$ cat model_8.cif   # mmCIF, C-alpha atoms and all ligand atoms
data_start
#
loop_
_atom_site.label_atom_id
_atom_site.label_comp_id
_atom_site.auth_asym_id
_atom_site.auth_seq_id
_atom_site.Cartn_x
_atom_site.Cartn_y
_atom_site.Cartn_z
CA MET A 1 -2.28 -28.51 4.13
CA ASP A 2 -1.99 -25.17 5.89
CA GLN A 3 -5.34 -24.62 7.62
CA THR A 4 -5.76 -21.01 6.47
CA VAL A 5 -5.26 -22.10 2.87
CA SER A 6 -7.61 -25.05 3.31
CA GLN A 7 -10.30 -22.83 4.83
CA LEU A 8 -10.03 -20.24 2.06
CA LEU A 9 -10.28 -22.98 -0.59
CA ASN A 10 -13.33 -24.37 1.20
CA GLU A 11 -14.96 -20.93 1.32
CA GLN A 12 -14.29 -20.53 -2.41
CA ILE A 13 -16.56 -23.52 -3.14
CA ASN A 14 -19.40 -21.50 -1.66
CA LYS A 15 -18.41 -18.29 -3.46
CA GLU A 16 -18.40 -20.09 -6.81
CA PHE A 17 -21.81 -21.65 -6.22
CA TYR A 18 -23.06 -18.21 -5.18
CA SER A 19 -21.66 -16.87 -8.47
CA ALA A 20 -23.63 -19.54 -10.34
CA TYR A 21 -26.77 -18.52 -8.46
CA LEU A 22 -26.14 -14.82 -9.15
CA TYR A 23 -25.71 -15.45 -12.88
CA LEU A 24 -28.81 -17.62 -12.96
CA ASP A 25 -30.68 -14.70 -11.42
CA MET A 26 -29.35 -12.47 -14.20
CA ALA A 27 -30.42 -15.05 -16.82
CA ASN A 28 -33.85 -15.04 -15.23
CA PHE A 29 -33.99 -11.21 -15.42
CA TYR A 30 -33.36 -11.30 -19.18
CA ALA A 31 -35.61 -14.30 -19.84
CA ALA A 32 -38.49 -12.42 -18.22
CA ARG A 33 -37.92 -9.59 -20.70
CA GLY A 34 -37.80 -11.78 -23.80
CA LEU A 35 -34.04 -11.53 -24.28
CA ASP A 36 -33.34 -15.24 -24.66
CA GLY A 37 -29.80 -14.68 -25.98
CA PHE A 38 -28.75 -12.70 -22.92
CA ALA A 39 -30.45 -15.33 -20.76
CA ASN A 40 -28.50 -18.07 -22.57
CA TRP A 41 -25.20 -16.23 -22.08
CA PHE A 42 -25.76 -16.02 -18.33
CA GLU A 43 -27.00 -19.61 -18.07
CA VAL A 44 -23.73 -20.75 -19.66
CA GLN A 45 -21.89 -18.50 -17.22
CA ALA A 46 -23.78 -20.07 -14.30
CA HIS A 47 -22.78 -23.52 -15.59
CA GLU A 48 -19.11 -22.51 -15.66
CA GLU A 49 -19.31 -21.26 -12.08
CA GLN A 50 -20.61 -24.64 -10.94
CA ASP A 51 -17.56 -26.17 -12.62
CA HIS A 52 -15.31 -23.77 -10.72
CA ALA A 53 -16.95 -24.80 -7.44
CA MET A 54 -16.43 -28.47 -8.26
CA LEU A 55 -12.75 -27.90 -9.04
CA PHE A 56 -12.16 -26.47 -5.55
CA TYR A 57 -14.25 -29.27 -4.04
CA ARG A 58 -12.26 -31.97 -5.87
CA TYR A 59 -8.90 -30.34 -5.20
CA LEU A 60 -9.54 -30.36 -1.44
CA GLN A 61 -10.73 -33.96 -1.55
CA ASN A 62 -7.70 -35.01 -3.61
CA ASN A 63 -5.50 -33.49 -0.92
CA SER A 64 -7.26 -35.31 1.93
CA GLU A 65 -8.88 -32.14 3.27
CA THR A 66 -12.37 -32.21 4.77
CA VAL A 67 -14.91 -30.28 2.71
CA THR A 68 -17.66 -28.40 4.56
CA LEU A 69 -20.61 -27.19 2.51
CA GLU A 70 -22.30 -24.03 3.79
CA ALA A 71 -25.60 -22.37 2.83
CA ILE A 72 -25.58 -20.45 -0.45
CA ALA A 73 -26.77 -16.86 -0.07
CA LYS A 74 -29.80 -15.53 -1.94
CA PRO A 75 -28.84 -13.32 -4.93
CA ASP A 76 -29.89 -9.89 -3.70
CA LYS A 77 -28.86 -7.52 -6.46
CA VAL A 78 -31.68 -5.36 -7.87
CA PHE A 79 -31.66 -4.70 -11.61
CA GLU A 80 -33.69 -2.00 -13.34
CA THR A 81 -32.17 -1.30 -16.75
CA LEU A 82 -31.05 -3.93 -19.26
CA ALA A 83 -27.45 -2.85 -18.68
CA ASP A 84 -27.57 -3.24 -14.88
CA PRO A 85 -26.72 -6.99 -14.72
CA LEU A 86 -23.75 -6.38 -17.02
CA SER A 87 -22.09 -3.84 -14.74
CA ALA A 88 -22.98 -5.99 -11.70
CA ALA A 89 -21.32 -8.99 -13.40
CA LEU A 90 -18.07 -7.08 -13.99
CA GLU A 91 -18.08 -5.81 -10.41
CA HIS A 92 -18.67 -9.37 -9.17
CA GLU A 93 -15.83 -10.82 -11.28
CA LYS A 94 -13.43 -8.21 -9.89
CA TYR A 95 -14.48 -9.30 -6.42
CA VAL A 96 -13.87 -12.98 -7.32
CA THR A 97 -10.44 -12.04 -8.68
CA SER A 98 -9.62 -10.46 -5.32
CA LEU A 99 -10.68 -13.69 -3.57
CA ILE A 100 -8.50 -15.86 -5.83
CA ASN A 101 -5.58 -13.47 -5.31
CA ALA A 102 -6.02 -13.69 -1.53
CA ILE A 103 -5.92 -17.51 -1.62
CA TYR A 104 -2.86 -17.36 -3.85
CA ALA A 105 -1.12 -15.01 -1.42
CA ALA A 106 -1.98 -17.26 1.54
CA ALA A 107 -0.66 -20.32 -0.32
CA GLN A 108 2.56 -18.49 -1.17
CA GLU A 109 2.94 -17.43 2.44
CA ALA A 110 2.54 -21.08 3.51
CA ARG A 111 4.95 -22.21 0.76
CA ASP A 112 2.13 -24.39 -0.56
CA PHE A 113 3.31 -24.51 -4.16
CA ARG A 114 0.92 -27.27 -5.17
CA THR A 115 -1.93 -24.89 -4.40
CA THR A 116 -0.34 -21.92 -6.17
CA GLN A 117 0.07 -24.12 -9.24
CA PHE A 118 -3.57 -25.24 -8.98
CA LEU A 119 -4.61 -21.58 -8.70
CA ASP A 120 -2.63 -20.51 -11.77
CA TRP A 121 -5.53 -21.69 -13.94
CA PHE A 122 -7.95 -19.54 -11.95
CA ILE A 123 -5.69 -16.48 -12.13
CA LYS A 124 -5.80 -16.74 -15.93
CA GLU A 125 -9.50 -17.59 -15.96
CA GLN A 126 -10.30 -14.44 -13.95
CA GLY A 127 -8.53 -12.35 -16.57
CA GLU A 128 -10.86 -13.86 -19.19
CA GLU A 129 -13.94 -13.50 -17.00
CA GLU A 130 -13.27 -9.80 -16.45
CA LYS A 131 -12.62 -9.25 -20.16
CA ASN A 132 -15.84 -11.03 -21.17
CA ALA A 133 -17.87 -8.96 -18.70
CA SER A 134 -16.19 -5.76 -19.83
CA ASP A 135 -16.73 -6.56 -23.55
CA LEU A 136 -20.44 -7.09 -22.92
CA ILE A 137 -20.72 -3.66 -21.31
CA THR A 138 -18.98 -2.09 -24.31
CA LYS A 139 -21.24 -3.86 -26.83
CA MET A 140 -24.36 -2.94 -24.90
CA ALA A 141 -23.28 0.71 -24.81
CA LEU A 142 -22.58 0.66 -28.57
CA PHE A 143 -25.59 -1.28 -29.84
CA GLY A 144 -28.10 -1.79 -27.04
CA SER A 145 -29.91 1.53 -27.15
CA GLU A 146 -31.86 0.85 -30.33
CA ALA A 147 -34.08 -2.11 -31.18
CA LYS A 148 -32.17 -3.51 -34.17
CA GLY A 149 -28.83 -3.37 -32.36
CA LEU A 150 -30.30 -5.02 -29.29
CA TYR A 151 -31.86 -7.74 -31.47
CA MET A 152 -28.49 -8.44 -33.13
CA LEU A 153 -26.64 -8.50 -29.82
CA ASN A 154 -29.24 -10.84 -28.37
CA SER A 155 -28.74 -13.16 -31.38
CA GLU A 156 -24.98 -13.10 -30.88
CA LEU A 157 -25.30 -14.02 -27.20
CA ALA A 158 -27.72 -16.83 -28.05
CA ALA A 159 -24.83 -18.59 -29.83
CA ARG A 160 -22.69 -19.03 -26.70
CA VAL A 161 -22.31 -22.72 -25.90
CA TYR A 162 -21.13 -24.35 -22.73
CA ALA A 163 -17.69 -25.97 -22.78
CA ALA A 164 -16.21 -27.96 -19.90
CA PRO A 165 -13.23 -26.29 -18.20
CA SER A 166 -9.78 -26.95 -19.59
CA LEU A 167 -8.50 -27.74 -16.08
CA VAL A 168 -9.05 -31.36 -15.12
CA LEU A 169 -8.08 -32.71 -11.70
FE1 LIG B 1 -15.65 -18.48 -11.00
FE2 LIG B 1 -16.61 -16.09 -12.72
O1 LIG B 1 -15.30 -16.83 -11.66
#
$ encode --input "model_8.cif" --output "structure tokens" --more "lines below"
Ligand code: FEO
Amino acid sequence: MDQTVSQLLNEQINKEFYSAYLYLDMANFYAARGLDGFANWFEVQAHEEQDHAMLFYRYLQNNSETVTLEAIAKPDKVFETLADPLSAALEHEKYVTSLINAIYAAAQEARDFRTTQFLDWFIKEQGEEEKNASDLITKMALFGSEAKGLYMLNSELAARVYAAPSLVL
């Protein structure tokens, strides 16, 4: 495999585990404020990010590349209002999309079509991730400013259940 592509894929393992850690921090923020539904939503999100990390890990192994695991950074975002984690989550997903796009571009440059095909799932997934984050911001703006609306939204988010990724390697 092209070494730039391999290195970027390896770095993405770390970025995805960092994403899991960031979302767990957001879950923790809501749990501490009694919003168990919001906490559940972000715990499920954290679980999905671990899956993403494992897909990159397995893909490299399946292609006989050496995986190097680096330290995962401490989540350092500061949240004050209940809406803060939601805007931070959208901003973070846009950043992850840019990372996936950069790997895709490097793979195309190297004519590594196996990797571009592998990344197709992530390109689509990022579209969903950004939409989910954006929808949450919209709902919070519509309903979150009064107690009954916030209670209903929290109940809705409590219903999110984890599902394994549709991509299997
Ligand atoms: Fe792994 Fe939220 O993208």
$ closest_residue --input "model_8.cif" --among "A:Asn132, A:Gly127, A:Phe56, A:Gln117" --to "A:Arg160" --atoms "only C-alpha atoms"
A:Asn132
$ atom_distance --input "model_8.cif" --atom1 "atom CA of A:Leu99" --atom2 "atom CA of A:Leu55"
15.4 Å
$ residues_near_ligand --input "model_8.cif" --ligand "ligand LIG 1 (chain B)" --cutoff "10 Å" --atoms "all atoms listed in the file" --output "number ranges by chain"
A: 12-13, 15-20, 23, 45-53, 89-90, 92-97, 99-100, 122-123, 125-130, 132-133
$ write_last_selection --input "model_8.cif" --atoms "C-alpha atoms" --output "tab-separated table (two decimals), keeping the file's coordinate frame"
chain	number	residue	atom	x	y	z
A	12	GLN	CA	-14.29	-20.53	-2.41
A	13	ILE	CA	-16.56	-23.52	-3.14
A	15	LYS	CA	-18.41	-18.29	-3.46
A	16	GLU	CA	-18.40	-20.09	-6.81
A	17	PHE	CA	-21.81	-21.65	-6.22
A	18	TYR	CA	-23.06	-18.21	-5.18
A	19	SER	CA	-21.66	-16.87	-8.47
A	20	ALA	CA	-23.63	-19.54	-10.34
A	23	TYR	CA	-25.71	-15.45	-12.88
A	45	GLN	CA	-21.89	-18.50	-17.22
A	46	ALA	CA	-23.78	-20.07	-14.30
A	47	HIS	CA	-22.78	-23.52	-15.59
A	48	GLU	CA	-19.11	-22.51	-15.66
A	49	GLU	CA	-19.31	-21.26	-12.08
A	50	GLN	CA	-20.61	-24.64	-10.94
A	51	ASP	CA	-17.56	-26.17	-12.62
A	52	HIS	CA	-15.31	-23.77	-10.72
A	53	ALA	CA	-16.95	-24.80	-7.44
A	89	ALA	CA	-21.32	-8.99	-13.40
A	90	LEU	CA	-18.07	-7.08	-13.99
A	92	HIS	CA	-18.67	-9.37	-9.17
A	93	GLU	CA	-15.83	-10.82	-11.28
A	94	LYS	CA	-13.43	-8.21	-9.89
A	95	TYR	CA	-14.48	-9.30	-6.42
A	96	VAL	CA	-13.87	-12.98	-7.32
A	97	THR	CA	-10.44	-12.04	-8.68
A	99	LEU	CA	-10.68	-13.69	-3.57
A	100	ILE	CA	-8.50	-15.86	-5.83
A	122	PHE	CA	-7.95	-19.54	-11.95
A	123	ILE	CA	-5.69	-16.48	-12.13
A	125	GLU	CA	-9.50	-17.59	-15.96
A	126	GLN	CA	-10.30	-14.44	-13.95
A	127	GLY	CA	-8.53	-12.35	-16.57
A	128	GLU	CA	-10.86	-13.86	-19.19
A	129	GLU	CA	-13.94	-13.50	-17.00
A	130	GLU	CA	-13.27	-9.80	-16.45
A	132	ASN	CA	-15.84	-11.03	-21.17
A	133	ALA	CA	-17.87	-8.96	-18.70
$ residues_near_point --input "model_8.cif" --point "(-26.1, -19.8, -0.8)" --cutoff "7 Å" --atoms "only C-alpha atoms" --output "JSON, numbers by chain"
{"A": [14, 18, 71, 72, 73, 74]}
$ write_last_selection --input "model_8.cif" --atoms "C-alpha atoms" --output "PDB file, in the coordinates of the input"
ATOM      1  CA  ASN A  14     -19.400 -21.500  -1.660  1.00  0.00           C
ATOM      2  CA  TYR A  18     -23.060 -18.210  -5.180  1.00  0.00           C
ATOM      3  CA  ALA A  71     -25.600 -22.370   2.830  1.00  0.00           C
ATOM      4  CA  ILE A  72     -25.580 -20.450  -0.450  1.00  0.00           C
ATOM      5  CA  ALA A  73     -26.770 -16.860  -0.070  1.00  0.00           C
ATOM      6  CA  LYS A  74     -29.800 -15.530  -1.940  1.00  0.00           C
TER       7      LYS A  74
END
$ closest_residue --input "model_8.cif" --among "A:Phe113, A:Tyr21, A:Tyr57, A:Phe79" --to "A:Asp2" --atoms "only C-alpha atoms"
A:Phe113
$ build_atoms --input "model_8.cif" --residues "stretch 114-125 of chain A" --atoms "all heavy atoms" --output "PDB file, in the frame of the given file"
ATOM      1  N   ARG A 114       1.911 -26.470  -4.445  1.00  0.00           N
ATOM      2  CA  ARG A 114       0.920 -27.270  -5.170  1.00  0.00           C
ATOM      3  C   ARG A 114      -0.353 -26.436  -5.367  1.00  0.00           C
ATOM      4  O   ARG A 114      -0.958 -26.436  -6.429  1.00  0.00           O
ATOM      5  CB  ARG A 114       0.593 -28.545  -4.416  1.00  0.00           C
ATOM      6  CG  ARG A 114      -0.281 -29.491  -5.213  1.00  0.00           C
ATOM      7  CD  ARG A 114      -0.683 -30.687  -4.390  1.00  0.00           C
ATOM      8  NE  ARG A 114       0.471 -31.409  -3.900  1.00  0.00           N
ATOM      9  CZ  ARG A 114       0.461 -32.205  -2.820  1.00  0.00           C
ATOM     10  NH1 ARG A 114      -0.651 -32.369  -2.115  1.00  0.00           N
ATOM     11  NH2 ARG A 114       1.543 -32.835  -2.430  1.00  0.00           N
ATOM     12  N   THR A 115      -0.716 -25.713  -4.301  1.00  0.00           N
ATOM     13  CA  THR A 115      -1.930 -24.890  -4.400  1.00  0.00           C
ATOM     14  C   THR A 115      -1.719 -23.685  -5.309  1.00  0.00           C
ATOM     15  O   THR A 115      -2.621 -23.333  -6.085  1.00  0.00           O
ATOM     16  CB  THR A 115      -2.414 -24.474  -2.997  1.00  0.00           C
ATOM     17  OG1 THR A 115      -2.783 -25.653  -2.267  1.00  0.00           O
ATOM     18  CG2 THR A 115      -3.620 -23.552  -3.070  1.00  0.00           C
ATOM     19  N   THR A 116      -0.551 -23.053  -5.247  1.00  0.00           N
ATOM     20  CA  THR A 116      -0.340 -21.920  -6.170  1.00  0.00           C
ATOM     21  C   THR A 116      -0.413 -22.401  -7.617  1.00  0.00           C
ATOM     22  O   THR A 116      -0.987 -21.722  -8.472  1.00  0.00           O
ATOM     23  CB  THR A 116       0.998 -21.176  -5.911  1.00  0.00           C
ATOM     24  OG1 THR A 116       2.076 -22.096  -6.008  1.00  0.00           O
ATOM     25  CG2 THR A 116       1.005 -20.481  -4.569  1.00  0.00           C
ATOM     26  N   GLN A 117       0.120 -23.587  -7.864  1.00  0.00           N
ATOM     27  CA  GLN A 117       0.070 -24.120  -9.240  1.00  0.00           C
ATOM     28  C   GLN A 117      -1.379 -24.417  -9.649  1.00  0.00           C
ATOM     29  O   GLN A 117      -1.788 -24.124 -10.768  1.00  0.00           O
ATOM     30  CB  GLN A 117       0.924 -25.373  -9.349  1.00  0.00           C
ATOM     31  CG  GLN A 117       1.208 -25.740 -10.783  1.00  0.00           C
ATOM     32  CD  GLN A 117       2.221 -26.846 -10.890  1.00  0.00           C
ATOM     33  OE1 GLN A 117       2.060 -27.913 -10.300  1.00  0.00           O
ATOM     34  NE2 GLN A 117       3.274 -26.610 -11.644  1.00  0.00           N
ATOM     35  N   PHE A 118      -2.143 -24.996  -8.722  1.00  0.00           N
ATOM     36  CA  PHE A 118      -3.570 -25.240  -8.980  1.00  0.00           C
ATOM     37  C   PHE A 118      -4.285 -23.920  -9.303  1.00  0.00           C
ATOM     38  O   PHE A 118      -5.117 -23.840 -10.211  1.00  0.00           O
ATOM     39  CB  PHE A 118      -4.189 -25.910  -7.748  1.00  0.00           C
ATOM     40  CG  PHE A 118      -5.693 -25.872  -7.686  1.00  0.00           C
ATOM     41  CD1 PHE A 118      -6.477 -26.627  -8.556  1.00  0.00           C
ATOM     42  CD2 PHE A 118      -6.339 -25.084  -6.729  1.00  0.00           C
ATOM     43  CE1 PHE A 118      -7.870 -26.584  -8.485  1.00  0.00           C
ATOM     44  CE2 PHE A 118      -7.725 -25.043  -6.652  1.00  0.00           C
ATOM     45  CZ  PHE A 118      -8.496 -25.789  -7.530  1.00  0.00           C
ATOM     46  N   LEU A 119      -3.936 -22.871  -8.539  1.00  0.00           N
ATOM     47  CA  LEU A 119      -4.610 -21.580  -8.700  1.00  0.00           C
ATOM     48  C   LEU A 119      -4.199 -20.812  -9.949  1.00  0.00           C
ATOM     49  O   LEU A 119      -4.911 -19.896 -10.376  1.00  0.00           O
ATOM     50  CB  LEU A 119      -4.364 -20.701  -7.462  1.00  0.00           C
ATOM     51  CG  LEU A 119      -5.075 -21.143  -6.182  1.00  0.00           C
ATOM     52  CD1 LEU A 119      -4.592 -20.305  -5.005  1.00  0.00           C
ATOM     53  CD2 LEU A 119      -6.591 -21.034  -6.312  1.00  0.00           C
ATOM     54  N   ASP A 120      -3.074 -21.193 -10.550  1.00  0.00           N
ATOM     55  CA  ASP A 120      -2.630 -20.510 -11.770  1.00  0.00           C
ATOM     56  C   ASP A 120      -3.735 -20.486 -12.826  1.00  0.00           C
ATOM     57  O   ASP A 120      -3.934 -19.483 -13.511  1.00  0.00           O
ATOM     58  CB  ASP A 120      -1.380 -21.187 -12.358  1.00  0.00           C
ATOM     59  CG  ASP A 120      -0.113 -20.762 -11.628  1.00  0.00           C
ATOM     60  OD1 ASP A 120      -0.153 -19.736 -10.918  1.00  0.00           O
ATOM     61  OD2 ASP A 120       0.902 -21.469 -11.745  1.00  0.00           O
ATOM     62  N   TRP A 121      -4.442 -21.616 -12.955  1.00  0.00           N
ATOM     63  CA  TRP A 121      -5.530 -21.690 -13.940  1.00  0.00           C
ATOM     64  C   TRP A 121      -6.604 -20.656 -13.629  1.00  0.00           C
ATOM     65  O   TRP A 121      -7.133 -19.991 -14.531  1.00  0.00           O
ATOM     66  CB  TRP A 121      -6.144 -23.106 -13.933  1.00  0.00           C
ATOM     67  CG  TRP A 121      -7.195 -23.307 -14.984  1.00  0.00           C
ATOM     68  CD1 TRP A 121      -7.004 -23.702 -16.278  1.00  0.00           C
ATOM     69  CD2 TRP A 121      -8.612 -23.104 -14.840  1.00  0.00           C
ATOM     70  NE1 TRP A 121      -8.207 -23.765 -16.944  1.00  0.00           N
ATOM     71  CE2 TRP A 121      -9.214 -23.402 -16.078  1.00  0.00           C
ATOM     72  CE3 TRP A 121      -9.429 -22.713 -13.778  1.00  0.00           C
ATOM     73  CZ2 TRP A 121     -10.581 -23.326 -16.300  1.00  0.00           C
ATOM     74  CZ3 TRP A 121     -10.800 -22.626 -13.994  1.00  0.00           C
ATOM     75  CH2 TRP A 121     -11.367 -22.929 -15.240  1.00  0.00           C
ATOM     76  N   PHE A 122      -6.912 -20.492 -12.355  1.00  0.00           N
ATOM     77  CA  PHE A 122      -7.950 -19.540 -11.950  1.00  0.00           C
ATOM     78  C   PHE A 122      -7.502 -18.086 -12.129  1.00  0.00           C
ATOM     79  O   PHE A 122      -8.317 -17.220 -12.454  1.00  0.00           O
ATOM     80  CB  PHE A 122      -8.371 -19.789 -10.488  1.00  0.00           C
ATOM     81  CG  PHE A 122      -9.255 -20.989 -10.329  1.00  0.00           C
ATOM     82  CD1 PHE A 122      -8.711 -22.231 -10.026  1.00  0.00           C
ATOM     83  CD2 PHE A 122     -10.624 -20.895 -10.509  1.00  0.00           C
ATOM     84  CE1 PHE A 122      -9.520 -23.348  -9.894  1.00  0.00           C
ATOM     85  CE2 PHE A 122     -11.446 -22.002 -10.379  1.00  0.00           C
ATOM     86  CZ  PHE A 122     -10.888 -23.233 -10.071  1.00  0.00           C
ATOM     87  N   ILE A 123      -6.216 -17.834 -11.927  1.00  0.00           N
ATOM     88  CA  ILE A 123      -5.690 -16.480 -12.130  1.00  0.00           C
ATOM     89  C   ILE A 123      -5.930 -16.075 -13.593  1.00  0.00           C
ATOM     90  O   ILE A 123      -6.416 -14.987 -13.886  1.00  0.00           O
ATOM     91  CB  ILE A 123      -4.169 -16.426 -11.819  1.00  0.00           C
ATOM     92  CG1 ILE A 123      -3.880 -16.813 -10.361  1.00  0.00           C
ATOM     93  CG2 ILE A 123      -3.565 -15.074 -12.209  1.00  0.00           C
ATOM     94  CD1 ILE A 123      -4.113 -15.739  -9.338  1.00  0.00           C
ATOM     95  N   LYS A 124      -5.605 -17.003 -14.497  1.00  0.00           N
ATOM     96  CA  LYS A 124      -5.800 -16.740 -15.930  1.00  0.00           C
ATOM     97  C   LYS A 124      -7.292 -16.643 -16.261  1.00  0.00           C
ATOM     98  O   LYS A 124      -7.721 -15.762 -17.003  1.00  0.00           O
ATOM     99  CB  LYS A 124      -5.132 -17.868 -16.728  1.00  0.00           C
ATOM    100  CG  LYS A 124      -5.027 -17.637 -18.196  1.00  0.00           C
ATOM    101  CD  LYS A 124      -3.904 -18.484 -18.793  1.00  0.00           C
ATOM    102  CE  LYS A 124      -3.931 -18.459 -20.306  1.00  0.00           C
ATOM    103  NZ  LYS A 124      -4.850 -19.461 -20.884  1.00  0.00           N
ATOM    104  N   GLU A 125      -8.055 -17.559 -15.724  1.00  0.00           N
ATOM    105  CA  GLU A 125      -9.500 -17.590 -15.960  1.00  0.00           C
ATOM    106  C   GLU A 125     -10.155 -16.261 -15.539  1.00  0.00           C
ATOM    107  O   GLU A 125     -11.017 -15.738 -16.239  1.00  0.00           O
ATOM    108  CB  GLU A 125     -10.121 -18.759 -15.183  1.00  0.00           C
ATOM    109  CG  GLU A 125     -11.635 -18.856 -15.215  1.00  0.00           C
ATOM    110  CD  GLU A 125     -12.196 -19.379 -16.531  1.00  0.00           C
ATOM    111  OE1 GLU A 125     -11.409 -19.746 -17.430  1.00  0.00           O
ATOM    112  OE2 GLU A 125     -13.436 -19.399 -16.651  1.00  0.00           O
TER     113      GLU A 125
END
